[in-house]
file work.tsv (TSV, C-alpha atoms and all ligand atoms)
chain	number	residue	atom	x	y	z
A	1	MET	CA	209.24	286.49	51.00
A	2	PHE	CA	211.42	288.33	48.49
A	3	THR	CA	211.37	292.04	49.25
A	4	ILE	CA	212.23	294.70	46.72
A	5	GLY	CA	213.13	298.35	47.26
A	6	LEU	CA	212.29	300.71	44.40
A	7	LEU	CA	214.11	303.99	43.73
A	8	ALA	CA	212.94	306.64	41.26
A	9	SER	CA	213.25	310.35	40.57
A	10	GLY	CA	210.67	310.79	37.81
A	11	LYS	CA	207.20	309.67	36.91
A	12	GLY	CA	207.62	306.10	38.12
A	13	SER	CA	205.89	304.22	35.31
A	14	ASN	CA	208.33	301.31	35.66
A	15	ILE	CA	207.57	301.07	39.36
A	16	GLN	CA	203.86	300.97	38.55
A	17	ALA	CA	204.51	298.26	35.94
A	18	ILE	CA	206.39	296.13	38.49
A	19	ILE	CA	203.61	296.53	41.07
A	20	ASN	CA	200.92	295.70	38.49
A	21	TYR	CA	202.82	292.62	37.37
A	22	ILE	CA	203.17	291.35	40.94
A	23	LYS	CA	199.38	291.70	41.32
A	24	THR	CA	198.22	290.38	37.98
A	25	GLU	CA	200.60	287.42	37.95
A	26	GLY	CA	199.78	286.63	41.59
A	27	LEU	CA	203.44	286.72	42.62
A	28	HIS	CA	202.68	286.39	46.31
A	29	ASN	CA	206.32	285.73	47.18
A	30	ILE	CA	207.40	289.20	45.97
A	31	ASN	CA	206.76	292.20	48.17
A	32	ALA	CA	207.30	295.82	47.09
A	33	GLY	CA	208.59	296.79	50.54
A	34	VAL	CA	209.62	300.41	50.14
A	35	ILE	CA	209.78	303.20	47.55
A	36	LEU	CA	212.42	305.92	47.83
A	37	SER	CA	212.90	309.11	45.87
A	38	ASP	CA	215.25	312.08	45.90
A	39	ASN	CA	212.54	314.24	44.33
A	40	PRO	CA	209.51	315.34	46.38
A	41	SER	CA	207.40	315.68	43.21
A	42	SER	CA	208.25	312.24	41.83
A	43	GLY	CA	205.23	310.28	40.65
A	44	ALA	CA	206.80	307.30	42.40
A	45	LEU	CA	205.80	308.75	45.78
A	46	GLU	CA	202.21	309.19	44.58
A	47	ILE	CA	202.18	305.59	43.40
A	48	ALA	CA	203.45	304.50	46.82
A	49	LYS	CA	200.63	306.39	48.56
A	50	LYS	CA	198.00	304.98	46.19
A	51	GLU	CA	199.32	301.42	46.60
A	52	GLY	CA	199.84	301.70	50.36
A	53	ILE	CA	203.60	301.11	50.17
A	54	LYS	CA	206.04	302.62	52.67
A	55	HIS	CA	207.85	305.54	51.05
A	56	TYR	CA	210.43	308.16	51.87
A	57	CYS	CA	211.79	311.19	50.09
A	58	ILE	CA	215.47	311.63	50.89
A	59	GLN	CA	216.78	314.71	49.17
A	60	GLU	CA	220.36	315.59	48.32
A	61	LYS	CA	221.20	319.28	48.56
A	62	LYS	CA	224.94	319.19	47.88
A	63	TYR	CA	225.23	317.35	44.54
A	64	ARG	CA	223.11	317.04	41.41
A	65	THR	CA	224.15	313.73	39.90
A	66	ILE	CA	225.35	311.71	42.88
A	67	LEU	CA	224.42	311.41	46.53
A	68	SER	CA	226.87	312.49	49.21
A	69	PRO	CA	228.18	309.57	51.32
A	70	GLU	CA	225.99	310.83	54.19
A	71	THR	CA	222.85	310.77	52.04
A	72	GLU	CA	223.76	307.35	50.62
A	73	LYS	CA	223.99	306.11	54.22
A	74	LYS	CA	220.43	307.32	54.84
A	75	TYR	CA	219.17	305.37	51.81
A	76	VAL	CA	221.09	302.28	52.87
A	77	LYS	CA	219.69	302.51	56.39
A	78	VAL	CA	216.06	302.61	55.18
A	79	LEU	CA	216.65	299.80	52.68
A	80	LYS	CA	218.24	297.64	55.40
A	81	GLU	CA	215.41	298.39	57.82
A	82	HIS	CA	213.01	297.07	55.20
A	83	LYS	CA	215.23	294.01	54.67
A	84	VAL	CA	215.28	294.35	50.91
A	85	ASP	CA	216.62	291.46	48.85
A	86	LEU	CA	216.84	293.51	45.66
A	87	ILE	CA	217.05	297.21	44.83
A	88	CYS	CA	215.45	298.32	41.56
A	89	LEU	CA	216.54	301.65	40.15
A	90	ALA	CA	213.85	303.01	37.86
A	91	GLY	CA	214.81	306.40	36.53
A	92	PHE	CA	216.76	307.23	39.70
A	93	MET	CA	218.83	310.17	38.45
A	94	ARG	CA	221.85	309.66	40.70
A	95	VAL	CA	224.93	307.58	40.09
A	96	ILE	CA	225.16	304.93	42.81
A	97	LYS	CA	228.42	304.99	44.78
A	98	GLU	CA	230.34	302.99	47.39
A	99	GLU	CA	227.86	302.95	50.28
A	100	PHE	CA	225.23	301.29	48.10
A	101	LEU	CA	227.59	299.01	46.23
A	102	LYS	CA	229.36	297.66	49.30
A	103	ASN	CA	226.15	297.12	51.28
A	104	PHE	CA	224.20	295.44	48.48
A	105	PRO	CA	226.73	293.66	46.27
A	106	GLY	CA	225.05	292.10	43.23
A	107	LYS	CA	221.65	293.17	44.51
A	108	ILE	CA	221.07	296.38	42.60
A	109	ILE	CA	219.53	296.45	39.13
A	110	ASN	CA	218.65	299.21	36.69
A	111	ILE	CA	216.70	299.75	33.49
A	112	HIS	CA	218.24	301.78	30.70
A	113	PRO	CA	216.40	303.02	27.58
A	114	SER	CA	218.82	301.72	24.93
A	115	LEU	CA	220.46	298.50	23.84
A	116	LEU	CA	223.56	298.78	26.02
A	117	PRO	CA	226.48	299.19	25.56
A	118	ALA	CA	225.15	301.63	22.95
A	119	PHE	CA	224.07	305.03	24.22
A	120	PRO	CA	224.80	305.01	27.95
A	121	GLY	CA	223.96	308.16	29.90
A	122	LEU	CA	221.13	310.63	29.60
A	123	GLU	CA	218.26	310.65	27.07
A	124	ALA	CA	219.46	307.52	25.33
A	125	TRP	CA	216.45	307.53	22.99
A	126	LYS	CA	217.53	310.96	21.66
A	127	GLN	CA	221.08	309.72	21.25
A	128	ALA	CA	219.76	306.76	19.22
A	129	LEU	CA	217.57	308.97	17.05
A	130	ASN	CA	220.38	311.45	16.38
A	131	TYR	CA	222.84	308.68	15.59
A	132	GLY	CA	220.49	307.22	13.00
A	133	VAL	CA	220.34	303.62	14.24
A	134	LYS	CA	217.52	301.48	12.83
A	135	PHE	CA	216.93	299.61	16.07
A	136	THR	CA	217.22	300.59	19.70
A	137	GLY	CA	215.45	299.28	22.79
A	138	CYS	CA	215.95	298.83	26.50
A	139	THR	CA	218.20	296.86	28.83
A	140	THR	CA	218.00	295.61	32.40
A	141	HIS	CA	221.39	295.18	34.04
A	142	PHE	CA	223.14	294.74	37.35
A	143	VAL	CA	224.63	297.94	38.73
A	144	GLU	CA	228.36	298.28	39.30
A	145	ALA	CA	230.65	301.28	39.74
A	146	GLY	CA	230.58	302.38	36.06
A	147	VAL	CA	227.59	304.21	34.59
A	148	ASP	CA	225.29	301.81	32.68
A	149	THR	CA	228.09	299.25	32.36
A	150	GLY	CA	226.99	296.33	34.57
A	151	PRO	CA	226.23	292.76	33.39
A	152	ILE	CA	223.20	292.68	31.10
A	153	ILE	CA	220.16	290.67	32.21
A	154	LEU	CA	217.42	291.20	29.57
A	155	GLN	CA	217.06	293.35	26.47
A	156	ALA	CA	214.17	294.19	24.17
A	157	VAL	CA	214.46	295.64	20.68
A	158	VAL	CA	212.44	298.59	19.37
A	159	PRO	CA	212.64	299.61	15.69
A	160	VAL	CA	213.25	303.28	14.96
A	161	LEU	CA	210.58	304.52	12.55
A	162	LYS	CA	211.02	307.12	9.81
A	163	ASP	CA	208.78	309.69	11.47
A	164	ASP	CA	209.86	309.08	15.06
A	165	THR	CA	210.32	312.05	17.35
A	166	PRO	CA	212.18	311.68	20.66
A	167	GLU	CA	208.78	311.45	22.36
A	168	THR	CA	207.26	308.74	20.13
A	169	LEU	CA	210.43	306.65	20.29
A	170	HIS	CA	210.73	306.97	24.07
A	171	LYS	CA	207.06	306.00	24.44
A	172	ARG	CA	207.56	302.77	22.46
A	173	ILE	CA	210.77	301.99	24.39
A	174	GLN	CA	208.86	302.44	27.65
A	175	GLU	CA	206.20	299.96	26.53
A	176	LYS	CA	208.99	297.37	26.30
A	177	GLU	CA	210.55	298.51	29.58
A	178	HIS	CA	207.26	297.75	31.29
A	179	ILE	CA	207.56	294.16	30.06
A	180	ILE	CA	211.23	293.38	30.68
A	181	TYR	CA	211.67	295.10	34.04
A	182	PRO	CA	208.91	293.20	35.87
A	183	LEU	CA	210.10	289.99	34.19
A	184	THR	CA	213.67	290.64	35.37
A	185	VAL	CA	212.47	291.08	38.94
A	186	LYS	CA	210.44	287.86	38.76
A	187	LEU	CA	213.37	285.85	37.38
A	188	ILE	CA	215.74	287.11	40.10
A	189	ALA	CA	213.15	286.49	42.84
A	190	GLU	CA	212.74	282.93	41.56
A	191	GLY	CA	216.52	282.42	41.79
A	192	LYS	CA	216.78	281.85	38.04
A	193	VAL	CA	219.47	284.44	37.37
A	194	SER	CA	223.17	283.78	37.83
A	195	ILE	CA	226.25	285.81	36.93
A	196	SER	CA	229.64	284.63	35.79
A	197	GLY	CA	231.99	287.51	35.08
A	198	ARG	CA	230.13	289.80	32.71
A	199	LYS	CA	227.71	287.11	31.60
A	200	VAL	CA	224.26	286.67	33.05
A	201	TYR	CA	222.52	283.31	32.66
A	202	ILE	CA	218.80	282.74	32.93
A	203	ASN	CA	218.14	279.18	34.10
A	204	GLY	CA	215.00	277.15	33.78
B	1	LIG	C1	213.06	305.04	31.85
B	1	LIG	O1	213.08	305.38	30.48
B	1	LIG	C2	214.28	304.26	32.24
B	1	LIG	O2	214.79	303.48	31.22
B	1	LIG	C3	215.25	305.36	32.59
B	1	LIG	O3	214.47	306.35	33.21
B	1	LIG	C4	213.14	306.27	32.74
B	1	LIG	C5	212.22	306.16	33.92
B	1	LIG	O4	210.88	306.23	33.54
B	1	LIG	N1	216.32	304.84	33.42
B	1	LIG	P1	209.70	306.07	34.60
B	1	LIG	O5	209.92	307.13	35.68
B	1	LIG	O6	209.77	304.68	35.14
B	1	LIG	O7	208.46	306.33	33.82
call {"tool": "encode", "arguments": {"input": "work.tsv", "output": "structure tokens"}}
result
Amino acid sequence: MFTIGLLASGKGSNIQAIINYIKTEGLHNINAGVILSDNPSSGALEIAKKEGIKHYCIQEKKYRTILSPETEKKYVKVLKEHKVDLICLAGFMRVIKEEFLKNFPGKIINIHPSLLPAFPGLEAWKQALNYGVKFTGCTTHFVEAGVDTGPIILQAVVPVLKDDTPETLHKRIQEKEHIIYPLTVKLIAEGKVSISGRKVYING
């Protein structure tokens, strides 16, 4: 069994997409073992309840954009207790630091709403719109110490339309996220993803 831990701060639509994909594709070897959030009102916790998945809200009072080492240790402890093979960040609004990285080397992935390395950081769809690019999209990548800099696994392209608003563009990017994130999880669970330096290879 390949167990995944899912971390989110917001609405959790990517988590739902991963769970749906596991069900509809009959991926019986993949188990959504635990869902964690730093935000008590995150939709991800509601999804966990609805789907009958173990879930915990571990809040951070001291910092806004990172977790203190003590809080990171709490996350790591729960993830280890659930024996996760892969951690999927899905709109988890905290930069992951040492405790996570050293305990789960090469086992943390993220989804970002742009074609990295363009537009790292917050509200990437707005950055793309303001910059005037004709195409943007989304990227799944391994997580390393830098923000949105890890080796790229999959990307999907979304054209920017003349009348796009931040909302319409983000909505179309999310439709693609809901395709590439579950696929990324499946490929890793099947052992089809390997990394060499910055390059990620999909085999088979
Ligand atoms: C997504 O746009 C993802 O790319 C970004 O945060 C957002 C999370 O959305 N990292 P949701 O909570 O999965 O709907």
call {"tool": "residues_near_ligand", "arguments": {"input": "work.tsv", "ligand": "ligand LIG 1 (chain B)", "cutoff": "10 Å", "atoms": "all atoms listed in the file", "output": "tab-separated table (two decimals) with C-alpha atoms, keeping the file's coordinate frame"}}
result
chain	number	residue	atom	x	y	z
A	7	LEU	CA	214.11	303.99	43.73
A	8	ALA	CA	212.94	306.64	41.26
A	9	SER	CA	213.25	310.35	40.57
A	10	GLY	CA	210.67	310.79	37.81
A	11	LYS	CA	207.20	309.67	36.91
A	12	GLY	CA	207.62	306.10	38.12
A	13	SER	CA	205.89	304.22	35.31
A	14	ASN	CA	208.33	301.31	35.66
A	15	ILE	CA	207.57	301.07	39.36
A	16	GLN	CA	203.86	300.97	38.55
A	17	ALA	CA	204.51	298.26	35.94
A	18	ILE	CA	206.39	296.13	38.49
A	42	SER	CA	208.25	312.24	41.83
A	43	GLY	CA	205.23	310.28	40.65
A	44	ALA	CA	206.80	307.30	42.40
A	89	LEU	CA	216.54	301.65	40.15
A	90	ALA	CA	213.85	303.01	37.86
A	91	GLY	CA	214.81	306.40	36.53
A	92	PHE	CA	216.76	307.23	39.70
A	93	MET	CA	218.83	310.17	38.45
A	110	ASN	CA	218.65	299.21	36.69
A	111	ILE	CA	216.70	299.75	33.49
A	112	HIS	CA	218.24	301.78	30.70
A	113	PRO	CA	216.40	303.02	27.58
A	114	SER	CA	218.82	301.72	24.93
A	121	GLY	CA	223.96	308.16	29.90
A	122	LEU	CA	221.13	310.63	29.60
A	123	GLU	CA	218.26	310.65	27.07
A	124	ALA	CA	219.46	307.52	25.33
A	125	TRP	CA	216.45	307.53	22.99
A	137	GLY	CA	215.45	299.28	22.79
A	138	CYS	CA	215.95	298.83	26.50
A	139	THR	CA	218.20	296.86	28.83
A	140	THR	CA	218.00	295.61	32.40
A	148	ASP	CA	225.29	301.81	32.68
A	170	HIS	CA	210.73	306.97	24.07
A	171	LYS	CA	207.06	306.00	24.44
A	173	ILE	CA	210.77	301.99	24.39
A	174	GLN	CA	208.86	302.44	27.65
A	175	GLU	CA	206.20	299.96	26.53
A	176	LYS	CA	208.99	297.37	26.30
A	177	GLU	CA	210.55	298.51	29.58
A	178	HIS	CA	207.26	297.75	31.29
A	181	TYR	CA	211.67	295.10	34.04
call {"tool": "atom_distance", "arguments": {"input": "work.tsv", "atom1": "CA of Arg64 (chain A)", "atom2": "CA of Lys49 (chain A)"}}
result
25.9 Å
call {"tool": "residues_near_point", "arguments": {"input": "work.tsv", "point": "(207.0, 306.7, 53.2)", "cutoff": "8 Å", "atoms": "all atoms listed in the file", "output": "PyMOL selection string"}}
result
chain A and resi 34-36+45+48-49+53-57
call {"tool": "residues_near_point", "arguments": {"input": "work.tsv", "point": "(220.4, 293.1, 45.6)", "cutoff": "6 Å", "atoms": "only C-alpha atoms", "output": "MDAnalysis selection string"}}
result
chainID A and resid 85:87 104 106:108
call {"tool": "residues_around", "arguments": {"input": "work.tsv", "residues": "Pro151 (chain A)", "least_positions_apart": "4", "cutoff": "7 Å", "atoms": "all atoms listed in the file", "output": "PDB file with C-alpha atoms, in the frame of the given file"}}
result
ATOM      1  CA  HIS A 141     221.390 295.180  34.040  1.00  0.00           C
ATOM      2  CA  PHE A 142     223.140 294.740  37.350  1.00  0.00           C
ATOM      3  CA  ARG A 198     230.130 289.800  32.710  1.00  0.00           C
ATOM      4  CA  LYS A 199     227.710 287.110  31.600  1.00  0.00           C
ATOM      5  CA  VAL A 200     224.260 286.670  33.050  1.00  0.00           C
TER       6      VAL A 200
END
call {"tool": "build_atoms", "arguments": {"input": "work.tsv", "residues": "region 87-98 of chain A", "atoms": "all heavy atoms", "output": "mmCIF file, keeping the file's coordinate frame"}}
result
data_model
loop_
_atom_site.group_PDB
_atom_site.id
_atom_site.type_symbol
_atom_site.label_atom_id
_atom_site.label_comp_id
_atom_site.auth_asym_id
_atom_site.auth_seq_id
_atom_site.Cartn_x
_atom_site.Cartn_y
_atom_site.Cartn_z
ATOM 1 N N ILE A 87 217.350 295.793 45.019
ATOM 2 C CA ILE A 87 217.050 297.210 44.830
ATOM 3 C C ILE A 87 216.873 297.455 43.336
ATOM 4 O O ILE A 87 217.750 297.126 42.537
ATOM 5 C CB ILE A 87 218.202 298.089 45.364
ATOM 6 C CG1 ILE A 87 218.351 297.880 46.878
ATOM 7 C CG2 ILE A 87 217.967 299.555 45.047
ATOM 8 C CD1 ILE A 87 219.608 298.497 47.459
ATOM 9 N N CYS A 88 215.734 298.041 42.975
ATOM 10 C CA CYS A 88 215.450 298.320 41.560
ATOM 11 C C CYS A 88 215.506 299.819 41.332
ATOM 12 O O CYS A 88 214.678 300.561 41.883
ATOM 13 C CB CYS A 88 214.066 297.822 41.183
ATOM 14 S SG CYS A 88 213.797 296.098 41.554
ATOM 15 N N LEU A 89 216.481 300.244 40.539
ATOM 16 C CA LEU A 89 216.540 301.650 40.150
ATOM 17 C C LEU A 89 215.657 301.824 38.929
ATOM 18 O O LEU A 89 215.775 301.057 37.969
ATOM 19 C CB LEU A 89 217.977 302.056 39.809
ATOM 20 C CG LEU A 89 219.055 301.728 40.843
ATOM 21 C CD1 LEU A 89 220.421 302.189 40.337
ATOM 22 C CD2 LEU A 89 218.750 302.364 42.191
ATOM 23 N N ALA A 90 214.774 302.809 38.982
ATOM 24 C CA ALA A 90 213.850 303.010 37.860
ATOM 25 C C ALA A 90 213.782 304.495 37.569
ATOM 26 O O ALA A 90 212.921 305.202 38.086
ATOM 27 C CB ALA A 90 212.470 302.442 38.205
ATOM 28 N N GLY A 91 214.750 304.964 36.777
ATOM 29 C CA GLY A 91 214.810 306.400 36.530
ATOM 30 C C GLY A 91 215.257 307.147 37.764
ATOM 31 O O GLY A 91 214.784 308.250 38.024
ATOM 32 N N PHE A 92 216.166 306.544 38.533
ATOM 33 C CA PHE A 92 216.760 307.230 39.700
ATOM 34 C C PHE A 92 217.959 307.999 39.168
ATOM 35 O O PHE A 92 218.920 307.393 38.698
ATOM 36 C CB PHE A 92 217.163 306.214 40.763
ATOM 37 C CG PHE A 92 217.617 306.855 42.046
ATOM 38 C CD1 PHE A 92 216.749 307.635 42.791
ATOM 39 C CD2 PHE A 92 218.909 306.661 42.517
ATOM 40 C CE1 PHE A 92 217.160 308.225 43.984
ATOM 41 C CE2 PHE A 92 219.331 307.241 43.710
ATOM 42 C CZ PHE A 92 218.442 308.026 44.437
ATOM 43 N N MET A 93 217.873 309.341 39.198
ATOM 44 C CA MET A 93 218.830 310.170 38.450
ATOM 45 C C MET A 93 220.109 310.476 39.226
ATOM 46 O O MET A 93 220.625 311.598 39.171
ATOM 47 C CB MET A 93 218.135 311.470 38.009
ATOM 48 C CG MET A 93 216.913 311.236 37.139
ATOM 49 S SD MET A 93 217.270 310.240 35.678
ATOM 50 C CE MET A 93 218.080 311.464 34.668
ATOM 51 N N ARG A 94 220.597 309.494 39.941
ATOM 52 C CA ARG A 94 221.850 309.660 40.700
ATOM 53 C C ARG A 94 222.716 308.449 40.440
ATOM 54 O O ARG A 94 222.212 307.312 40.437
ATOM 55 C CB ARG A 94 221.564 309.700 42.203
ATOM 56 C CG ARG A 94 220.519 310.700 42.610
ATOM 57 C CD ARG A 94 221.148 312.028 42.906
ATOM 58 N NE ARG A 94 220.141 313.034 43.219
ATOM 59 C CZ ARG A 94 220.439 314.261 43.601
ATOM 60 N NH1 ARG A 94 221.692 314.641 43.715
ATOM 61 N NH2 ARG A 94 219.493 315.122 43.847
ATOM 62 N N VAL A 95 224.001 308.702 40.260
ATOM 63 C CA VAL A 95 224.930 307.580 40.090
ATOM 64 C C VAL A 95 225.195 306.985 41.473
ATOM 65 O O VAL A 95 225.515 307.699 42.424
ATOM 66 C CB VAL A 95 226.253 308.045 39.443
ATOM 67 C CG1 VAL A 95 227.219 306.886 39.320
ATOM 68 C CG2 VAL A 95 225.979 308.672 38.082
ATOM 69 N N ILE A 96 225.021 305.671 41.545
ATOM 70 C CA ILE A 96 225.160 304.930 42.810
ATOM 71 C C ILE A 96 226.645 304.751 43.136
ATOM 72 O O ILE A 96 227.427 304.350 42.291
ATOM 73 C CB ILE A 96 224.474 303.548 42.610
ATOM 74 C CG1 ILE A 96 222.965 303.727 42.447
ATOM 75 C CG2 ILE A 96 224.807 302.579 43.698
ATOM 76 C CD1 ILE A 96 222.295 304.401 43.589
ATOM 77 N N LYS A 97 227.002 305.057 44.388
ATOM 78 C CA LYS A 97 228.420 304.990 44.780
ATOM 79 C C LYS A 97 228.649 303.911 45.852
ATOM 80 O O LYS A 97 227.804 303.069 46.103
ATOM 81 C CB LYS A 97 228.874 306.360 45.278
ATOM 82 C CG LYS A 97 228.811 307.442 44.222
ATOM 83 C CD LYS A 97 229.975 307.276 43.268
ATOM 84 C CE LYS A 97 230.021 308.401 42.259
ATOM 85 N NZ LYS A 97 230.893 308.144 41.148
ATOM 86 N N GLU A 98 229.825 304.054 46.511
ATOM 87 C CA GLU A 98 230.340 302.990 47.390
ATOM 88 C C GLU A 98 229.370 302.469 48.443
ATOM 89 O O GLU A 98 229.259 301.264 48.647
ATOM 90 C CB GLU A 98 231.611 303.449 48.131
ATOM 91 C CG GLU A 98 232.820 303.677 47.254
ATOM 92 C CD GLU A 98 232.763 305.020 46.539
ATOM 93 O OE1 GLU A 98 232.079 305.939 47.036
ATOM 94 O OE2 GLU A 98 233.359 305.136 45.468
#
